[in-house]
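**Student:** Submitted below is the structure of interest, expressed as structure tokens.
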Amino acid sequence: MSRFWNKKTGSLTPYVAGEQPLPGQKVIKLNTNENPYPPSPAIAEFLKTFDPALLRLYPEPSSRKLREALAEFYGVRPEQVFCGNGSDEVLAFSFQAFFETEDGANPLFIPDVSYSFYPVYAQLFGIPTEKIPLNEDFTIPVDAFCRPSGGVAIATPNAPTTLAMTQSDIRKILESQPDRLVLIDQAYAAFGEEFCTGLLEEHPNLLIIGTLSKSHSLAGLRVGFAIASEEIIEGLKRVRDSFNSYPVDTLALELATLAVRDRSWYEENRRRILKTRAESAAELSAMGWDVLDTSANFLFAKPAGISAGELYKKLRAAGILVRYFDKPRIREYLRISVGTGEEMNALLSAIENILKRRNEDSI
Ligand SMILES: Cc1ncc(COP(=O)(O)O)c(C=O)c1O
């Protein structure tokens with residue numbers, strides 16, 4: 001606690017992101033669910049001729065170009081799209097805009113286990129929450145979310161557990177909360193289920209959150225978005241314009257728009273990731289691992305013959321970063337982003353070597 005912090009700052013428990021190696025450090029990075037391939041080549045082309053003088057000016061504040069591209073991509077109207085500086089920011093705006101903070105307000109329902117930024121935002125904005133434990137098999141206990149609440153925030157596919165909800169489960173929750181906002185975070189939907197835009201027409205309480213970080217290989221650009229009814233989008237704009245009117249910068253706007261318009265890159269990238277994902281999951285299962293049925297660009301799996309904590313440390317020492325959460329219910333699992341085929345082969349060989357050395361040491 002510093003004497004310069006206010007009480008609130010002193011009380012925060014901030015989010016801890018996965019380790020980012022220093023530039024130039026040689027590691028195989030499978031710990032933050034980035035896409036392992038470079039983004040659309042249209043981006044490199046554009047940067048060759050970009051005129052830096054354009055950076056004198058503030059960006060177009062409503063991100064119109066990008067909203068139009070996203071609207072076409074997801075089959076909605078541009079007025080239903082909102083863009084921000086990464087979906088983390090769009091999530092933060094959403095928590096601020098729609099969930100109640102008053103004493104005695106019904107709590108926001110979030111799953112326990114899920115994206116660990118949700119409770120952090122709730123704490124920052126003073127939103128009471130109720131954490132609803134996942135079922136034994138890590139699926140979402142849908143009925144438990146269909147009770148009077150202050151709103152709902154769920155990731156599907158869920159992180160770190162990789163499982164997706166069906167559209168009918170999402171509909172059930174929406175129908176049970178007609179006057180409450182239901183936030184469905186689809187950061188990883190490109191790698192599994194459909195975006196649930198089809199539910200928007202009948203459910204004005206639905207707010208879908210998306211990101212270009214994973215599906216378009218643009219984690220470093222920081223572009224996320226929301227898709228919802230205009231009524232909800234208006235709420236997001238009010239919060240944005242009370243905080244930072246230009247969340248998407250000029251370069252991000254141009255590059256993200258090019259990436260979204262490059263459909264063939266998207267399809268090909270998706271195909272490659274899904275192929276490597278299936279191969280890696282099969283190899284780990286063959287080694288006796290318990291691999292959850294993934295709809296994301298990462299695996300959530302329980303190692304065989306070694307604890308997750310020990311394997312995480314040994315992989316790290318071997319230059320391979322995966323994510324380990326030393327938390328109840330999931331401390332026996334590792335979260336492993338799907339890298340290139342070569343990176344996944346290196347991971348599998350490293351695991352085999354670690355297990356072999358361990359067995360030799362114990363003889
Ligand atoms: C479920 C989920 N939502 C949102 C995000 C944030 O993504 P970004 O801020 O890069 O758009 C992440 C990042 O890992 C995530 O796992």
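The chains in the structure tokens are called A, B, ... from first to last as shown; in each chain the residues are counted from 1, and the ligands are counted from 1 in the order shown.
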Extract, using only C-alpha atoms, all DNA, RNA and protein residues at most 10 Å from A:Thr129, discarding same-chain residues fewer than 5 positions from it, and format them as a list in words.
**Tutor:**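 Here the answer would be Phe99, Glu100, Thr101, Ala105, Asn106, Pro107, Leu108, Phe109, Ile110, Tyr118, Pro119, Ala122, Gln123, Ser149, Gly150, Gly151 and Val152 of chain A.
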**Student:** Can I get the selection written as a CSV table (one decimal), in the first residue's frame, with C-alpha atoms?
**Tutor:**
```
chain,number,residue,atom,x,y,z
A,99,PHE,CA,-24.3,-4.2,-14.2
A,100,GLU,CA,-25.6,-2.6,-11.0
A,101,THR,CA,-23.5,-1.5,-8.2
A,105,ALA,CA,-28.6,-5.1,-6.0
A,106,ASN,CA,-29.0,-8.6,-7.4
A,107,PRO,CA,-25.5,-10.0,-8.1
A,108,LEU,CA,-23.9,-10.4,-11.5
A,109,PHE,CA,-23.6,-14.2,-12.3
A,110,ILE,CA,-20.3,-15.4,-13.5
A,118,TYR,CA,-14.5,-10.8,-15.0
A,119,PRO,CA,-14.1,-10.7,-11.2
A,122,ALA,CA,-16.5,-6.4,-11.0
A,123,GLN,CA,-14.2,-5.5,-8.1
A,149,SER,CA,-29.7,-11.7,-11.2
A,150,GLY,CA,-28.1,-8.4,-11.8
A,151,GLY,CA,-26.9,-9.7,-15.2
A,152,VAL,CA,-24.9,-12.6,-16.6
```
**Student:** Got a sec: who's within 9 Å of stretch 328-331 of chain A, counting only C-alpha atoms, leaving out chain neighbours fewer than 2 positions off, as a VMD selection string?
**Tutor:** chain A and resid 113 161 302 307 to 309 324 to 326 333 to 334
**Student:** Hey, which residues come within 9 Å of ligand 1 if we count only C-alpha atoms and all ligand atoms? Could you give them as a short mmCIF file (atom, residue, chain, number, x, y, z; two decimals) with C-alpha atoms, in the first residue's frame?
**Tutor:**
```
data_model
loop_
_atom_site.label_atom_id
_atom_site.label_comp_id
_atom_site.auth_asym_id
_atom_site.auth_seq_id
_atom_site.Cartn_x
_atom_site.Cartn_y
_atom_site.Cartn_z
CA ALA A 17 -1.67 -11.93 -17.67
CA GLY A 18 0.38 -14.83 -19.04
CA THR A 32 -1.67 -16.67 -24.02
CA ASN A 33 -3.73 -18.15 -26.86
CA GLU A 34 -2.22 -15.96 -29.54
CA GLY A 84 -12.66 -0.78 -28.62
CA ASN A 85 -9.03 -1.17 -27.63
CA GLY A 86 -9.07 -4.95 -27.31
CA SER A 87 -12.10 -6.84 -26.10
CA ASP A 88 -10.77 -6.36 -22.58
CA GLU A 89 -11.66 -2.71 -22.90
CA VAL A 90 -15.06 -3.50 -24.42
CA LEU A 91 -15.67 -5.87 -21.51
CA SER A 114 -13.95 -18.65 -16.31
CA TYR A 115 -11.95 -15.73 -17.71
CA SER A 116 -10.30 -14.30 -14.63
CA PHE A 117 -10.73 -10.69 -15.76
CA TYR A 118 -14.48 -10.79 -14.97
CA ILE A 154 -20.24 -16.03 -19.65
CA ALA A 155 -17.44 -16.94 -22.06
CA THR A 156 -18.26 -19.55 -24.69
CA PRO A 157 -16.08 -21.35 -25.52
CA ASN A 158 -15.13 -20.91 -21.91
CA ALA A 159 -11.59 -20.06 -20.90
CA PRO A 160 -9.55 -21.85 -19.78
CA ASP A 185 -17.94 -13.43 -24.60
CA GLN A 186 -17.09 -15.21 -27.84
CA ALA A 187 -13.37 -14.38 -27.98
CA TYR A 188 -12.68 -17.89 -29.30
CA ILE A 209 -18.18 -9.64 -27.24
CA GLY A 210 -15.59 -10.50 -29.89
CA THR A 211 -11.93 -9.85 -30.61
CA LEU A 212 -9.52 -9.87 -33.53
CA SER A 213 -6.69 -10.95 -31.21
CA LYS A 214 -7.07 -14.65 -31.86
CA LEU A 218 -3.89 -9.29 -34.17
CA ALA A 219 -3.35 -9.52 -30.41
CA GLY A 220 -0.70 -6.79 -30.64
CA LEU A 221 -3.03 -4.36 -32.41
CA ARG A 222 -5.61 -4.39 -29.60
CA VAL A 223 -8.96 -4.45 -31.38
CA GLY A 224 -12.10 -5.89 -29.85
CA PHE A 225 -15.76 -5.33 -30.50
#
```
**Student:** Enter the distance from atom CA of A:Leu255 to atom CA of A:Phe82, in Å, rounded to one decimal.
**Tutor:**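 Calculated distance between atom CA of A:Leu255 and atom CA of A:Phe82 is 16.6 Å.
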**Student:** Mind checking DSSP for stretch 65-149 of chain A and telling me the helix (DSSP H, G or I) residues as a PyMOL selection string?
**Tutor:** chain A and resi 65-74+78-80+86-98+117-125+142-145
**Student:** Hey, what's within 9 Å of stretch 281-285 of chain A if we count only C-alpha atoms and toss same-chain stuff fewer than 6 positions away? As a list in words, please?
**Tutor:**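 My list of contacting residues is Val291, Leu292, Asp293, Thr294, Leu299, Ala301, Pro303 and Leu348 of chain A.
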**Student:** May I ask for the distance between atom CA of A:Pro38 and atom CA of A:Thr276, given in Å to one decimal place?
**Tutor:**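 So the two atoms, atom CA of A:Pro38 and atom CA of A:Thr276, lie 16.1 Å apart.
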**Student:** Would you mind reading off the distance between atom CA of A:Ser40 and atom CA of A:Ala228, one decimal, in Å?
**Tutor:**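 These two atoms are separated by 26.8 Å.
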**Student:** Check the smallest atom-to-atom distance from each of A:Ser245, A:Gln80, A:Ser295, A:Asn135 to A:Leu206 using only C-alpha atoms, then report the winner.
**Tutor:**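 Closest to A:Leu206, using only C-alpha atoms: A:Gln80.
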**Student:** Can you check which residues of stretch 172-282 of chain A DSSP gives as strand (DSSP E or B) on the backbone and send them as a PyMOL selection string?
**Tutor:** chain A and resi 182-185+206-211+224-228
**Student:** Keeping only N, CA and C atoms, write those residues as a PDB file, in the first residue's frame.
**Tutor:**
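Ended up saving to selection.pdb:
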```pdb
ATOM      1  N   VAL A 182     -27.307  -9.960 -20.747  1.00  0.00           N
ATOM      2  CA  VAL A 182     -26.573 -11.227 -20.785  1.00  0.00           C
ATOM      3  C   VAL A 182     -25.384 -11.044 -21.730  1.00  0.00           C
ATOM      4  N   LEU A 183     -24.194 -11.040 -21.137  1.00  0.00           N
ATOM      5  CA  LEU A 183     -22.973 -10.820 -21.911  1.00  0.00           C
ATOM      6  C   LEU A 183     -22.389 -12.175 -22.282  1.00  0.00           C
ATOM      7  N   ILE A 184     -22.268 -12.407 -23.588  1.00  0.00           N
ATOM      8  CA  ILE A 184     -21.693 -13.667 -24.071  1.00  0.00           C
ATOM      9  C   ILE A 184     -20.367 -13.332 -24.756  1.00  0.00           C
ATOM     10  N   ASP A 185     -19.287 -13.750 -24.121  1.00  0.00           N
ATOM     11  CA  ASP A 185     -17.939 -13.431 -24.598  1.00  0.00           C
ATOM     12  C   ASP A 185     -17.512 -14.541 -25.557  1.00  0.00           C
ATOM     13  N   LEU A 206     -29.147  -9.291 -25.286  1.00  0.00           N
ATOM     14  CA  LEU A 206     -27.909 -10.022 -25.594  1.00  0.00           C
ATOM     15  C   LEU A 206     -26.790  -9.067 -26.014  1.00  0.00           C
ATOM     16  N   LEU A 207     -25.646  -9.221 -25.389  1.00  0.00           N
ATOM     17  CA  LEU A 207     -24.446  -8.468 -25.782  1.00  0.00           C
ATOM     18  C   LEU A 207     -23.353  -9.486 -26.092  1.00  0.00           C
ATOM     19  N   ILE A 208     -22.904  -9.492 -27.353  1.00  0.00           N
ATOM     20  CA  ILE A 208     -21.852 -10.425 -27.771  1.00  0.00           C
ATOM     21  C   ILE A 208     -20.529  -9.661 -27.811  1.00  0.00           C
ATOM     22  N   ILE A 209     -19.515 -10.265 -27.220  1.00  0.00           N
ATOM     23  CA  ILE A 209     -18.183  -9.645 -27.244  1.00  0.00           C
ATOM     24  C   ILE A 209     -17.283 -10.479 -28.146  1.00  0.00           C
ATOM     25  N   GLY A 210     -16.526  -9.794 -29.001  1.00  0.00           N
ATOM     26  CA  GLY A 210     -15.590 -10.501 -29.895  1.00  0.00           C
ATOM     27  C   GLY A 210     -14.252  -9.790 -29.921  1.00  0.00           C
ATOM     28  N   THR A 211     -13.271 -10.444 -30.525  1.00  0.00           N
ATOM     29  CA  THR A 211     -11.926  -9.855 -30.605  1.00  0.00           C
ATOM     30  C   THR A 211     -11.243 -10.298 -31.886  1.00  0.00           C
ATOM     31  N   GLY A 224     -10.987  -5.022 -30.242  1.00  0.00           N
ATOM     32  CA  GLY A 224     -12.095  -5.888 -29.850  1.00  0.00           C
ATOM     33  C   GLY A 224     -13.394  -5.202 -30.217  1.00  0.00           C
ATOM     34  N   PHE A 225     -14.491  -5.930 -30.089  1.00  0.00           N
ATOM     35  CA  PHE A 225     -15.762  -5.330 -30.498  1.00  0.00           C
ATOM     36  C   PHE A 225     -16.925  -5.947 -29.738  1.00  0.00           C
ATOM     37  N   ALA A 226     -18.060  -5.246 -29.827  1.00  0.00           N
ATOM     38  CA  ALA A 226     -19.307  -5.771 -29.264  1.00  0.00           C
ATOM     39  C   ALA A 226     -20.334  -5.766 -30.381  1.00  0.00           C
ATOM     40  N   ILE A 227     -21.239  -6.731 -30.338  1.00  0.00           N
ATOM     41  CA  ILE A 227     -22.378  -6.742 -31.260  1.00  0.00           C
ATOM     42  C   ILE A 227     -23.629  -6.891 -30.397  1.00  0.00           C
ATOM     43  N   ALA A 228     -24.592  -5.988 -30.601  1.00  0.00           N
ATOM     44  CA  ALA A 228     -25.795  -6.001 -29.756  1.00  0.00           C
ATOM     45  C   ALA A 228     -26.871  -5.136 -30.390  1.00  0.00           C
TER      46      ALA A 228
END
```
**Student:** Compare A:Phe93, A:Gly10, A:Ala53, A:Gly288 by their minimum atom-to-atom distance to A:Asp241, counting only C-alpha atoms, and give me the closest one.
**Tutor:**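 Counting only C-alpha atoms, the residue closest to A:Asp241 is A:Phe93.
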**Student:** Please list as a list in words every residue within 12 Å of A:Lys313, counting only C-alpha atoms and excluding residues in the same chain fewer than 3 positions away.
**Tutor:**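 Once the nearby chain positions are removed, what remains is Ile306, Ser307, Ala308, Gly309, Glu310, Arg316, Ala317, Ala318, Gly319, Ile320, Leu321, Val322, Arg323, Tyr324, Leu334, Ile351 and Ile354 of chain A.
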**Student:** Just the residues within 12 Å of A:Ser264, please, counting only C-alpha atoms, with nothing from its chain fewer than 5 positions along; format it as an MDAnalysis selection string.
**Tutor:** chainID A and resid 39:42 216 258:259 269:271
**Student:** Using only C-alpha atoms, which of the listed residues (A:Glu332, A:Glu234, A:Glu130, A:Asp179) sits closest to A:Asp290?
**Tutor:** A:Glu332
**Student:** Under the rule that only C-alpha atoms are counted, which of A:Ser229, A:Gln167, A:Ser63, A:Thr139 is the nearest residue to A:Arg77?
**Tutor:** A:Ser229
